[in-house]
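Novice: Sending over data-v5.txt (compact mmCIF, N, CA and C atoms).
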```
# COMPACT_ATOMS: atom_id res chain seq x y z
N MET A 9 56.77 -122.89 214.69
CA MET A 9 57.89 -123.20 213.83
C MET A 9 58.59 -121.93 213.38
N VAL A 10 57.82 -120.91 213.12
CA VAL A 10 58.40 -119.68 212.58
C VAL A 10 59.09 -118.89 213.68
N THR A 11 58.39 -118.65 214.79
CA THR A 11 58.98 -117.80 215.83
C THR A 11 59.84 -118.57 216.81
N THR A 12 59.52 -119.82 217.07
CA THR A 12 60.27 -120.58 218.06
C THR A 12 61.54 -121.18 217.48
N PHE A 13 61.43 -121.74 216.25
CA PHE A 13 62.57 -122.45 215.67
C PHE A 13 63.19 -121.72 214.48
N GLY A 14 62.63 -120.59 214.07
CA GLY A 14 63.21 -119.82 212.97
C GLY A 14 63.10 -120.52 211.63
N MET A 15 62.05 -121.33 211.44
CA MET A 15 61.92 -122.12 210.22
C MET A 15 61.10 -121.36 209.17
N SER A 16 61.70 -120.32 208.62
CA SER A 16 61.07 -119.55 207.54
C SER A 16 62.13 -118.68 206.89
N GLU A 17 61.71 -117.95 205.87
CA GLU A 17 62.64 -117.05 205.18
C GLU A 17 62.92 -115.80 206.01
N ILE A 18 62.24 -115.63 207.13
CA ILE A 18 62.50 -114.47 208.00
C ILE A 18 63.92 -114.55 208.53
N GLY A 19 64.34 -115.77 208.81
CA GLY A 19 65.71 -115.94 209.28
C GLY A 19 65.86 -117.19 210.11
N PRO A 20 67.06 -117.72 210.16
CA PRO A 20 67.29 -118.96 210.90
C PRO A 20 67.56 -118.71 212.38
N TRP A 21 66.71 -117.95 213.03
CA TRP A 21 66.90 -117.69 214.45
C TRP A 21 65.55 -117.67 215.13
N SER A 22 65.58 -117.85 216.42
CA SER A 22 64.36 -117.85 217.21
C SER A 22 63.97 -116.41 217.51
N LEU A 23 62.70 -116.11 217.31
CA LEU A 23 62.20 -114.77 217.59
C LEU A 23 61.52 -114.69 218.95
N MET A 24 61.52 -115.82 219.66
CA MET A 24 60.89 -115.85 220.98
C MET A 24 61.99 -116.02 222.02
N ASP A 25 61.82 -115.37 223.14
CA ASP A 25 62.74 -115.53 224.26
C ASP A 25 62.55 -116.94 224.82
N GLY A 26 63.62 -117.66 225.04
CA GLY A 26 63.54 -119.02 225.54
C GLY A 26 62.84 -119.15 226.87
N SER A 27 62.82 -118.08 227.65
CA SER A 27 62.17 -118.14 228.95
C SER A 27 60.66 -117.99 228.83
N GLN A 28 60.18 -117.57 227.66
CA GLN A 28 58.74 -117.39 227.50
C GLN A 28 58.06 -118.74 227.33
N SER A 29 56.97 -118.89 228.03
CA SER A 29 56.23 -120.15 227.94
C SER A 29 55.26 -120.07 226.77
N GLY A 30 54.52 -121.14 226.57
CA GLY A 30 53.50 -121.18 225.54
C GLY A 30 52.25 -120.45 225.97
N ASP A 31 52.30 -119.81 227.10
CA ASP A 31 51.14 -119.10 227.65
C ASP A 31 50.69 -117.99 226.71
N VAL A 32 49.39 -117.83 226.56
CA VAL A 32 48.81 -116.84 225.65
C VAL A 32 49.25 -115.42 226.01
N ILE A 33 49.25 -115.10 227.28
CA ILE A 33 49.63 -113.74 227.70
C ILE A 33 51.08 -113.45 227.34
N MET A 34 51.96 -114.44 227.55
CA MET A 34 53.37 -114.23 227.22
C MET A 34 53.54 -114.05 225.71
N ARG A 35 52.78 -114.81 224.92
CA ARG A 35 52.88 -114.65 223.47
C ARG A 35 52.38 -113.27 223.04
N MET A 36 51.32 -112.79 223.69
CA MET A 36 50.81 -111.46 223.36
C MET A 36 51.83 -110.39 223.72
N MET A 37 52.50 -110.55 224.87
CA MET A 37 53.51 -109.57 225.27
C MET A 37 54.68 -109.58 224.29
N ALA A 38 55.10 -110.77 223.85
CA ALA A 38 56.19 -110.86 222.87
C ALA A 38 55.77 -110.20 221.57
N ARG A 39 54.54 -110.41 221.18
CA ARG A 39 54.04 -109.83 219.93
C ARG A 39 54.05 -108.30 220.01
N ASN A 40 53.71 -107.75 221.18
CA ASN A 40 53.70 -106.30 221.34
C ASN A 40 55.10 -105.70 221.32
N SER A 41 56.12 -106.53 221.57
CA SER A 41 57.48 -106.00 221.59
C SER A 41 58.15 -106.05 220.22
N MET A 42 57.47 -106.60 219.19
CA MET A 42 58.07 -106.63 217.85
C MET A 42 57.47 -105.54 216.98
N SER A 43 58.17 -105.23 215.93
CA SER A 43 57.67 -104.21 215.01
C SER A 43 56.46 -104.75 214.26
N GLU A 44 55.65 -103.84 213.78
CA GLU A 44 54.47 -104.22 213.02
C GLU A 44 54.87 -104.98 211.75
N LYS A 45 55.95 -104.56 211.12
CA LYS A 45 56.44 -105.21 209.90
C LYS A 45 56.86 -106.65 210.20
N LEU A 46 57.59 -106.86 211.29
CA LEU A 46 58.01 -108.20 211.66
C LEU A 46 56.80 -109.08 211.97
N ALA A 47 55.83 -108.53 212.69
CA ALA A 47 54.62 -109.29 212.99
C ALA A 47 53.90 -109.69 211.70
N GLU A 48 53.83 -108.76 210.73
CA GLU A 48 53.20 -109.08 209.43
C GLU A 48 53.99 -110.16 208.69
N ASP A 49 55.32 -110.07 208.75
CA ASP A 49 56.16 -111.08 208.10
C ASP A 49 55.95 -112.46 208.73
N ILE A 50 55.83 -112.49 210.05
CA ILE A 50 55.58 -113.75 210.75
C ILE A 50 54.23 -114.31 210.33
N ASP A 51 53.21 -113.47 210.33
CA ASP A 51 51.87 -113.91 209.91
C ASP A 51 51.89 -114.47 208.49
N ALA A 52 52.60 -113.79 207.61
CA ALA A 52 52.68 -114.25 206.21
C ALA A 52 53.42 -115.58 206.12
N ALA A 53 54.50 -115.74 206.89
CA ALA A 53 55.27 -116.99 206.87
C ALA A 53 54.42 -118.15 207.40
N VAL A 54 53.68 -117.91 208.47
CA VAL A 54 52.81 -118.95 209.02
C VAL A 54 51.73 -119.31 208.01
N LYS A 55 51.17 -118.32 207.35
CA LYS A 55 50.13 -118.58 206.33
C LYS A 55 50.70 -119.40 205.18
N ARG A 56 51.92 -119.06 204.73
CA ARG A 56 52.53 -119.84 203.64
C ARG A 56 52.73 -121.29 204.05
N LEU A 57 53.23 -121.52 205.26
CA LEU A 57 53.43 -122.89 205.75
C LEU A 57 52.10 -123.64 205.83
N SER A 58 51.09 -122.97 206.36
CA SER A 58 49.78 -123.57 206.49
C SER A 58 49.17 -123.89 205.12
N ASP A 59 49.26 -122.94 204.20
CA ASP A 59 48.71 -123.16 202.85
C ASP A 59 49.43 -124.30 202.14
N ARG A 60 50.74 -124.38 202.30
CA ARG A 60 51.52 -125.45 201.65
C ARG A 60 51.14 -126.82 202.24
N ALA A 61 51.00 -126.89 203.55
CA ALA A 61 50.60 -128.14 204.19
C ALA A 61 49.21 -128.56 203.74
N TYR A 62 48.31 -127.60 203.58
CA TYR A 62 46.96 -127.89 203.11
C TYR A 62 47.00 -128.45 201.69
N GLU A 63 47.79 -127.85 200.83
CA GLU A 63 47.90 -128.32 199.43
C GLU A 63 48.48 -129.73 199.37
N ILE A 64 49.47 -130.01 200.20
CA ILE A 64 50.06 -131.35 200.24
C ILE A 64 49.01 -132.36 200.70
N ALA A 65 48.28 -132.03 201.76
CA ALA A 65 47.24 -132.93 202.28
C ALA A 65 46.16 -133.18 201.22
N LEU A 66 45.72 -132.12 200.57
CA LEU A 66 44.69 -132.24 199.53
C LEU A 66 45.19 -133.11 198.38
N SER A 67 46.42 -132.94 197.98
CA SER A 67 47.01 -133.73 196.91
C SER A 67 47.08 -135.21 197.31
N GLN A 68 47.48 -135.49 198.55
CA GLN A 68 47.54 -136.87 199.02
C GLN A 68 46.16 -137.51 199.02
N ILE A 69 45.16 -136.76 199.44
CA ILE A 69 43.79 -137.28 199.45
C ILE A 69 43.32 -137.57 198.02
N ARG A 70 43.56 -136.64 197.12
CA ARG A 70 43.15 -136.84 195.73
C ARG A 70 43.87 -138.03 195.08
N ASN A 71 45.16 -138.15 195.32
CA ASN A 71 45.96 -139.20 194.70
C ASN A 71 45.74 -140.58 195.31
N ASN A 72 45.18 -140.63 196.50
CA ASN A 72 45.01 -141.91 197.20
C ASN A 72 43.57 -142.12 197.64
N ARG A 73 42.64 -141.63 196.84
CA ARG A 73 41.23 -141.66 197.22
C ARG A 73 40.71 -143.07 197.50
N GLU A 74 41.06 -144.04 196.66
CA GLU A 74 40.56 -145.41 196.87
C GLU A 74 41.05 -145.98 198.20
N ALA A 75 42.31 -145.78 198.50
CA ALA A 75 42.86 -146.27 199.77
C ALA A 75 42.18 -145.59 200.95
N ILE A 76 41.98 -144.30 200.86
CA ILE A 76 41.34 -143.56 201.95
C ILE A 76 39.91 -144.04 202.14
N ASP A 77 39.19 -144.26 201.04
CA ASP A 77 37.82 -144.75 201.14
C ASP A 77 37.77 -146.11 201.85
N LYS A 78 38.71 -146.99 201.53
CA LYS A 78 38.77 -148.31 202.17
C LYS A 78 39.08 -148.18 203.66
N ILE A 79 40.02 -147.32 203.99
CA ILE A 79 40.38 -147.10 205.40
C ILE A 79 39.19 -146.53 206.16
N VAL A 80 38.48 -145.60 205.55
CA VAL A 80 37.29 -145.02 206.18
C VAL A 80 36.23 -146.10 206.40
N GLU A 81 36.04 -146.96 205.41
CA GLU A 81 35.06 -148.04 205.52
C GLU A 81 35.36 -148.93 206.73
N VAL A 82 36.64 -149.30 206.88
CA VAL A 82 37.04 -150.14 208.02
C VAL A 82 36.85 -149.39 209.33
N LEU A 83 37.23 -148.11 209.36
CA LEU A 83 37.09 -147.33 210.59
C LEU A 83 35.63 -147.12 210.98
N LEU A 84 34.74 -147.01 210.00
CA LEU A 84 33.32 -146.87 210.32
C LEU A 84 32.79 -148.15 210.98
N GLU A 85 33.35 -149.29 210.59
CA GLU A 85 32.94 -150.56 211.19
C GLU A 85 33.57 -150.77 212.56
N LYS A 86 34.89 -150.54 212.67
CA LYS A 86 35.64 -150.89 213.88
C LYS A 86 35.97 -149.71 214.78
N GLU A 87 35.97 -148.52 214.26
CA GLU A 87 36.31 -147.28 214.96
C GLU A 87 37.81 -147.10 215.22
N THR A 88 38.56 -148.16 215.32
CA THR A 88 40.01 -148.05 215.52
C THR A 88 40.71 -149.09 214.65
N MET A 89 41.98 -148.84 214.38
CA MET A 89 42.79 -149.84 213.69
C MET A 89 44.24 -149.66 214.11
N SER A 90 44.95 -150.75 214.07
CA SER A 90 46.37 -150.69 214.45
C SER A 90 47.18 -150.18 213.27
N GLY A 91 48.41 -149.84 213.53
CA GLY A 91 49.31 -149.41 212.47
C GLY A 91 49.52 -150.51 211.45
N ASP A 92 49.60 -151.76 211.93
CA ASP A 92 49.77 -152.89 211.01
C ASP A 92 48.55 -153.03 210.09
N GLU A 93 47.35 -152.89 210.66
CA GLU A 93 46.13 -152.96 209.85
C GLU A 93 46.11 -151.84 208.81
N PHE A 94 46.50 -150.65 209.25
CA PHE A 94 46.53 -149.50 208.34
C PHE A 94 47.48 -149.76 207.18
N ARG A 95 48.70 -150.23 207.51
CA ARG A 95 49.68 -150.50 206.46
C ARG A 95 49.23 -151.62 205.54
N ALA A 96 48.56 -152.63 206.09
CA ALA A 96 48.07 -153.74 205.25
C ALA A 96 47.06 -153.24 204.23
N ILE A 97 46.13 -152.41 204.66
CA ILE A 97 45.14 -151.86 203.73
C ILE A 97 45.82 -150.96 202.72
N LEU A 98 46.69 -150.07 203.20
CA LEU A 98 47.36 -149.13 202.32
C LEU A 98 48.21 -149.86 201.27
N SER A 99 48.84 -150.96 201.67
CA SER A 99 49.70 -151.69 200.74
C SER A 99 48.92 -152.34 199.60
N GLU A 100 47.60 -152.46 199.74
CA GLU A 100 46.77 -152.97 198.64
C GLU A 100 46.69 -151.96 197.50
N PHE A 101 46.96 -150.68 197.81
CA PHE A 101 46.76 -149.61 196.84
C PHE A 101 48.05 -148.93 196.40
N VAL A 102 49.03 -148.87 197.30
CA VAL A 102 50.29 -148.17 196.99
C VAL A 102 51.46 -148.97 197.53
N GLU A 103 52.63 -148.69 196.99
CA GLU A 103 53.86 -149.31 197.49
C GLU A 103 54.30 -148.53 198.73
N ILE A 104 54.45 -149.22 199.82
CA ILE A 104 54.88 -148.58 201.07
C ILE A 104 56.39 -148.51 201.06
N PRO A 105 56.98 -147.32 201.27
CA PRO A 105 58.44 -147.19 201.29
C PRO A 105 59.07 -148.12 202.33
N ALA A 106 60.24 -148.63 202.01
CA ALA A 106 60.92 -149.60 202.88
C ALA A 106 61.08 -149.08 204.31
N GLU A 107 61.38 -147.80 204.46
CA GLU A 107 61.61 -147.27 205.81
C GLU A 107 60.33 -147.22 206.65
N ASN A 108 59.16 -147.35 206.00
CA ASN A 108 57.89 -147.33 206.73
C ASN A 108 57.30 -148.72 206.92
N ARG A 109 57.93 -149.73 206.34
CA ARG A 109 57.42 -151.10 206.47
C ARG A 109 57.80 -151.64 207.84
N VAL A 110 56.89 -152.39 208.39
CA VAL A 110 57.15 -153.06 209.65
C VAL A 110 57.17 -154.55 209.36
N PRO A 111 58.28 -155.21 209.65
CA PRO A 111 58.32 -156.65 209.36
C PRO A 111 57.29 -157.38 210.21
N PRO A 112 56.70 -158.44 209.67
CA PRO A 112 55.72 -159.20 210.45
C PRO A 112 56.40 -159.80 211.68
N ALA A 113 55.64 -159.85 212.73
CA ALA A 113 56.18 -160.40 213.98
C ALA A 113 56.45 -161.89 213.79
N VAL A 114 57.65 -162.28 214.14
CA VAL A 114 58.03 -163.69 214.03
C VAL A 114 58.02 -164.26 215.45
N PRO A 115 57.20 -165.30 215.68
CA PRO A 115 57.17 -165.86 217.04
C PRO A 115 58.52 -166.47 217.40
N ALA A 116 58.87 -166.36 218.64
CA ALA A 116 60.13 -166.92 219.12
C ALA A 116 60.03 -168.45 219.06
N PRO A 117 61.11 -169.11 218.71
CA PRO A 117 61.08 -170.57 218.66
C PRO A 117 60.83 -171.15 220.05
N LEU A 118 60.07 -172.22 220.08
CA LEU A 118 59.80 -172.87 221.35
C LEU A 118 60.96 -173.77 221.71
N SER A 119 61.34 -173.74 222.95
CA SER A 119 62.40 -174.65 223.39
C SER A 119 61.73 -175.89 223.96
N VAL A 120 62.22 -177.00 223.56
CA VAL A 120 61.66 -178.28 224.01
C VAL A 120 62.68 -178.95 224.91
N SER A 121 62.25 -179.30 226.09
CA SER A 121 63.14 -180.02 227.03
C SER A 121 63.00 -181.51 226.80
N VAL A 122 64.12 -182.20 226.76
CA VAL A 122 64.10 -183.64 226.57
C VAL A 122 64.60 -184.33 227.80
```
Render the structure in this file as structure tokens.
Specialist:
Amino acid sequence: MVTTFGMSEIGPWSLMDGSQSGDVIMRMMARNSMSEKLAEDIDAAVKRLSDRAYEIALSQIRNNREAIDKIVEVLLEKETMSGDEFRAILSEFVEIPAENRVPPAVPAPLSVSV
């Protein structure tokens, strides 16, 4: 996100050459072509993003512990669950935003020939 899409305070530009693949060797070569200060700034930006995501995840777990425990209980029994099952359990504990609700499947009307 930081070097490919420029999503940090370093700047709104890509720091990677578009022709470079995700290959480890290419990333190492790109890293060697930047200044030490820029590399440190990139590392710090990645750490800030990672730390922030961790704090958000931890907060969600703490704030929704009962729902998570119920979901874990079901997963320990069944090992898998559908998105509808997940939302049904979650809706017992929290209000699901409208944009994340999936309307129940309505069967198509049967046509009767006379």
Novice: As an exercise, work out the distance from atom CA of Phe101 of chain A to atom C of Glu74 of chain A in Å and give it to one decimal place.
Specialist: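 Going from atom CA of Phe101 of chain A over to atom C of Glu74 of chain A covers 6.9 Å.
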Novice: By how many Å are atom CA of Ala96 of chain A and atom CA of Ile79 of chain A apart?
Specialist: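 We find that atom CA of Ala96 of chain A and atom CA of Ile79 of chain A lie 10.2 Å from each other.
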Novice: Pick from A:Val80, A:Glu85, A:Asn72, A:Val54: nearest to Ser99 of chain A, with only C-alpha atoms counted?
Specialist: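 Answer, going by the shortest atom-to-atom distance: A:Asn72.
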Novice: What separation in Å, quoted to one decimal, exists between atom CA of Ile50 of chain A and atom CA of Ser16 of chain A?
Specialist: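 The value is 8.6 Å.
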Novice: At most 5 Å from (53.2, -153.1, 210.7), file frame, all atoms listed in the file: which residues, as a list in words?
Specialist: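 Here the neighbourhood of the point contains Gly91, Asp92 and Val110 of chain A.
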